[in-house]
Amino acid sequence: MSFLPEDFSAFICELDKLKSIKRQITLPCDGDRQENSAEHSWHVALMASTLAHYSEKPIDVARVIRMILIHDVVEIDAGDLFAFNDAAEHDAQAEKELDAAKRIFGLLPSSYAEELLSLWVEFEEAKTPDAEFAKAMDRVLPVFQNMQNQGGSWNKHAVTRDKIEKRNLHLKHCAPKLWDYVTRQLDTAVQNKWLLPAKS
């Protein structure tokens with residue numbers, strides 16, 4: 001079955017809205033303004049393509065990048081929830097995001113909608129090598145960013161080291177050499193008082 005460009009236009013235009021979703025990370029290179037979710041997705045995708053050789057398991061880099069590029073589209077409806085909000089808020093957010101995924105991907109012809117929804121769910125579950133690496137990349141980018149910004153959002157929200165380690169456990173499993181790098185970075189962050197020590 002062939003489709004016309006207008007069959008995709010509503011979805012393509014809807015994606016513009018992701019550029020208005022603000023995140024906690026700020027950008028020193030641009031007057032300390034808040035990063036938006038579209039920028040974040042682009043940055044994670046490019047980082048994943050650069051670091052793909054660190055994956056312990058074979059991965060399809062093109063699929064990984066595709067997952068990353070769609071994973072935050074749901075924030076158009078659901079907004080961005082700070083990573084370290086409580087579990088109940090994250091559970092509620094997960095429901096909002098699933099509804100958003102169905103609505104936004106539903107703007108596409110059905111075969112495309114089903115394909116993207118399936119890919120989005122795979123990313124969320126992080127059970128396949130592609131999805132686990134994609135999720136690990138999404139979660140590790142703020143480590144790079146906050147280290148370059150003297151703690152950045154960690155300082156602002158009084159985040160402790162154990163929370164960063166827990167959030168990045170996918171990295172420990174799928175790219176242990178990157179995990180080792182991250183733990184050294186967290187040592188430095190704690191020493192510099194950019195990150196609070198782990199709670200005992």
# chains A, B, ... in the order shown; residues from 1 in each chain; ligands from 1
>>> select_by_dssp(residues="range 1-196 of chain A", states="strand (DSSP E)", output="VMD selection string")
chain A and resid 22 to 27 33 to 36
>>> closest_atom_pairs(of="range 77-116 of chain A", to="range 33-44 of chain A", cutoff="12 Å", atoms="only C-alpha atoms", output="CSV")
residue,atom,partner,partner_atom,distance
A:Ala78,CA,A:Ser37,CA,12.0
A:Gly79,CA,A:Ser37,CA,9.3
A:Asp80,CA,A:Ser37,CA,8.0
A:Leu81,CA,A:Ser37,CA,11.2
>>> closest_residue(among="A:Lys135, A:Lys199, A:His53, A:Arg23", to="Ile70 in chain A", atoms="only C-alpha atoms")
A:Lys135
>>> closest_residue(among="A:Leu46, A:Arg63, A:Tyr112, A:Asp77", to="Phe3 in chain A", atoms="only C-alpha atoms")
A:Tyr112
>>> residues_around(residues="range 115-123 of chain A", least_positions_apart="5", cutoff="9 Å", atoms="only C-alpha atoms", output="number ranges by chain")
A: 63-64, 66-68, 70-71, 98, 101-102, 105-106, 110, 128, 130-132, 134-135
>>> write_last_selection(atoms="N, CA, C and O atoms", output="PDB file, in the first residue's frame")
ATOM      1  N   ARG A  63      18.523   0.861  14.643  1.00  0.00           N
ATOM      2  CA  ARG A  63      17.335   0.678  15.492  1.00  0.00           C
ATOM      3  C   ARG A  63      17.488   1.435  16.801  1.00  0.00           C
ATOM      4  O   ARG A  63      16.531   2.024  17.311  1.00  0.00           O
ATOM      5  N   VAL A  64      18.681   1.390  17.375  1.00  0.00           N
ATOM      6  CA  VAL A  64      18.938   2.114  18.623  1.00  0.00           C
ATOM      7  C   VAL A  64      18.657   3.605  18.436  1.00  0.00           C
ATOM      8  O   VAL A  64      17.967   4.238  19.240  1.00  0.00           O
ATOM      9  N   ARG A  66      16.832   5.043  16.159  1.00  0.00           N
ATOM     10  CA  ARG A  66      15.409   5.273  15.902  1.00  0.00           C
ATOM     11  C   ARG A  66      14.615   5.273  17.207  1.00  0.00           C
ATOM     12  O   ARG A  66      13.740   6.117  17.418  1.00  0.00           O
ATOM     13  N   MET A  67      14.915   4.318  18.092  1.00  0.00           N
ATOM     14  CA  MET A  67      14.254   4.299  19.404  1.00  0.00           C
ATOM     15  C   MET A  67      14.486   5.604  20.155  1.00  0.00           C
ATOM     16  O   MET A  67      13.568   6.184  20.737  1.00  0.00           O
ATOM     17  N   ILE A  68      15.734   6.036  20.148  1.00  0.00           N
ATOM     18  CA  ILE A  68      16.084   7.255  20.878  1.00  0.00           C
ATOM     19  C   ILE A  68      15.346   8.464  20.316  1.00  0.00           C
ATOM     20  O   ILE A  68      14.857   9.312  21.064  1.00  0.00           O
ATOM     21  N   ILE A  70      12.475   8.625  18.964  1.00  0.00           N
ATOM     22  CA  ILE A  70      11.030   8.653  19.242  1.00  0.00           C
ATOM     23  C   ILE A  70      10.706   8.564  20.726  1.00  0.00           C
ATOM     24  O   ILE A  70       9.571   8.828  21.118  1.00  0.00           O
ATOM     25  N   HIS A  71      11.674   8.240  21.591  1.00  0.00           N
ATOM     26  CA  HIS A  71      11.318   7.863  22.960  1.00  0.00           C
ATOM     27  C   HIS A  71      10.694   9.004  23.757  1.00  0.00           C
ATOM     28  O   HIS A  71       9.862   8.760  24.633  1.00  0.00           O
ATOM     29  N   LEU A  98       2.005   6.348  27.864  1.00  0.00           N
ATOM     30  CA  LEU A  98       1.429   5.324  26.993  1.00  0.00           C
ATOM     31  C   LEU A  98       0.247   5.892  26.218  1.00  0.00           C
ATOM     32  O   LEU A  98       0.121   5.672  25.003  1.00  0.00           O
ATOM     33  N   ALA A 101       1.663   8.094  23.544  1.00  0.00           N
ATOM     34  CA  ALA A 101       2.249   7.328  22.441  1.00  0.00           C
ATOM     35  C   ALA A 101       1.163   6.860  21.476  1.00  0.00           C
ATOM     36  O   ALA A 101       1.302   6.959  20.250  1.00  0.00           O
ATOM     37  N   LYS A 102       0.063   6.370  22.032  1.00  0.00           N
ATOM     38  CA  LYS A 102      -1.035   5.894  21.175  1.00  0.00           C
ATOM     39  C   LYS A 102      -1.635   7.037  20.367  1.00  0.00           C
ATOM     40  O   LYS A 102      -1.944   6.871  19.179  1.00  0.00           O
ATOM     41  N   PHE A 105       1.477   8.590  17.795  1.00  0.00           N
ATOM     42  CA  PHE A 105       1.795   7.664  16.705  1.00  0.00           C
ATOM     43  C   PHE A 105       0.547   7.336  15.896  1.00  0.00           C
ATOM     44  O   PHE A 105       0.627   6.989  14.716  1.00  0.00           O
ATOM     45  N   GLY A 106      -0.621   7.476  16.524  1.00  0.00           N
ATOM     46  CA  GLY A 106      -1.879   7.250  15.827  1.00  0.00           C
ATOM     47  C   GLY A 106      -2.189   8.281  14.751  1.00  0.00           C
ATOM     48  O   GLY A 106      -3.128   8.106  13.979  1.00  0.00           O
ATOM     49  N   SER A 110      -1.853   3.363   9.878  1.00  0.00           N
ATOM     50  CA  SER A 110      -1.852   2.340  10.923  1.00  0.00           C
ATOM     51  C   SER A 110      -0.600   1.471  10.952  1.00  0.00           C
ATOM     52  O   SER A 110      -0.092   1.159  12.031  1.00  0.00           O
ATOM     53  N   THR A 128      15.594  -5.925  25.381  1.00  0.00           N
ATOM     54  CA  THR A 128      16.417  -6.388  24.274  1.00  0.00           C
ATOM     55  C   THR A 128      17.754  -5.642  24.300  1.00  0.00           C
ATOM     56  O   THR A 128      17.852  -4.552  24.888  1.00  0.00           O
ATOM     57  N   ASP A 130      19.204  -3.927  21.959  1.00  0.00           N
ATOM     58  CA  ASP A 130      19.043  -2.604  21.346  1.00  0.00           C
ATOM     59  C   ASP A 130      18.402  -1.626  22.322  1.00  0.00           C
ATOM     60  O   ASP A 130      18.867  -0.497  22.500  1.00  0.00           O
ATOM     61  N   ALA A 131      17.322  -2.064  22.963  1.00  0.00           N
ATOM     62  CA  ALA A 131      16.574  -1.171  23.854  1.00  0.00           C
ATOM     63  C   ALA A 131      17.359  -0.853  25.116  1.00  0.00           C
ATOM     64  O   ALA A 131      17.326   0.282  25.603  1.00  0.00           O
ATOM     65  N   GLU A 132      18.056  -1.841  25.656  1.00  0.00           N
ATOM     66  CA  GLU A 132      18.824  -1.574  26.877  1.00  0.00           C
ATOM     67  C   GLU A 132      19.937  -0.567  26.603  1.00  0.00           C
ATOM     68  O   GLU A 132      20.172   0.347  27.398  1.00  0.00           O
ATOM     69  N   ALA A 134      19.952   1.689  24.208  1.00  0.00           N
ATOM     70  CA  ALA A 134      19.300   2.977  23.952  1.00  0.00           C
ATOM     71  C   ALA A 134      18.929   3.661  25.263  1.00  0.00           C
ATOM     72  O   ALA A 134      19.174   4.857  25.456  1.00  0.00           O
ATOM     73  N   LYS A 135      18.330   2.913  26.182  1.00  0.00           N
ATOM     74  CA  LYS A 135      17.935   3.500  27.465  1.00  0.00           C
ATOM     75  C   LYS A 135      19.157   3.911  28.268  1.00  0.00           C
ATOM     76  O   LYS A 135      19.147   4.959  28.941  1.00  0.00           O
TER      77      LYS A 135
END
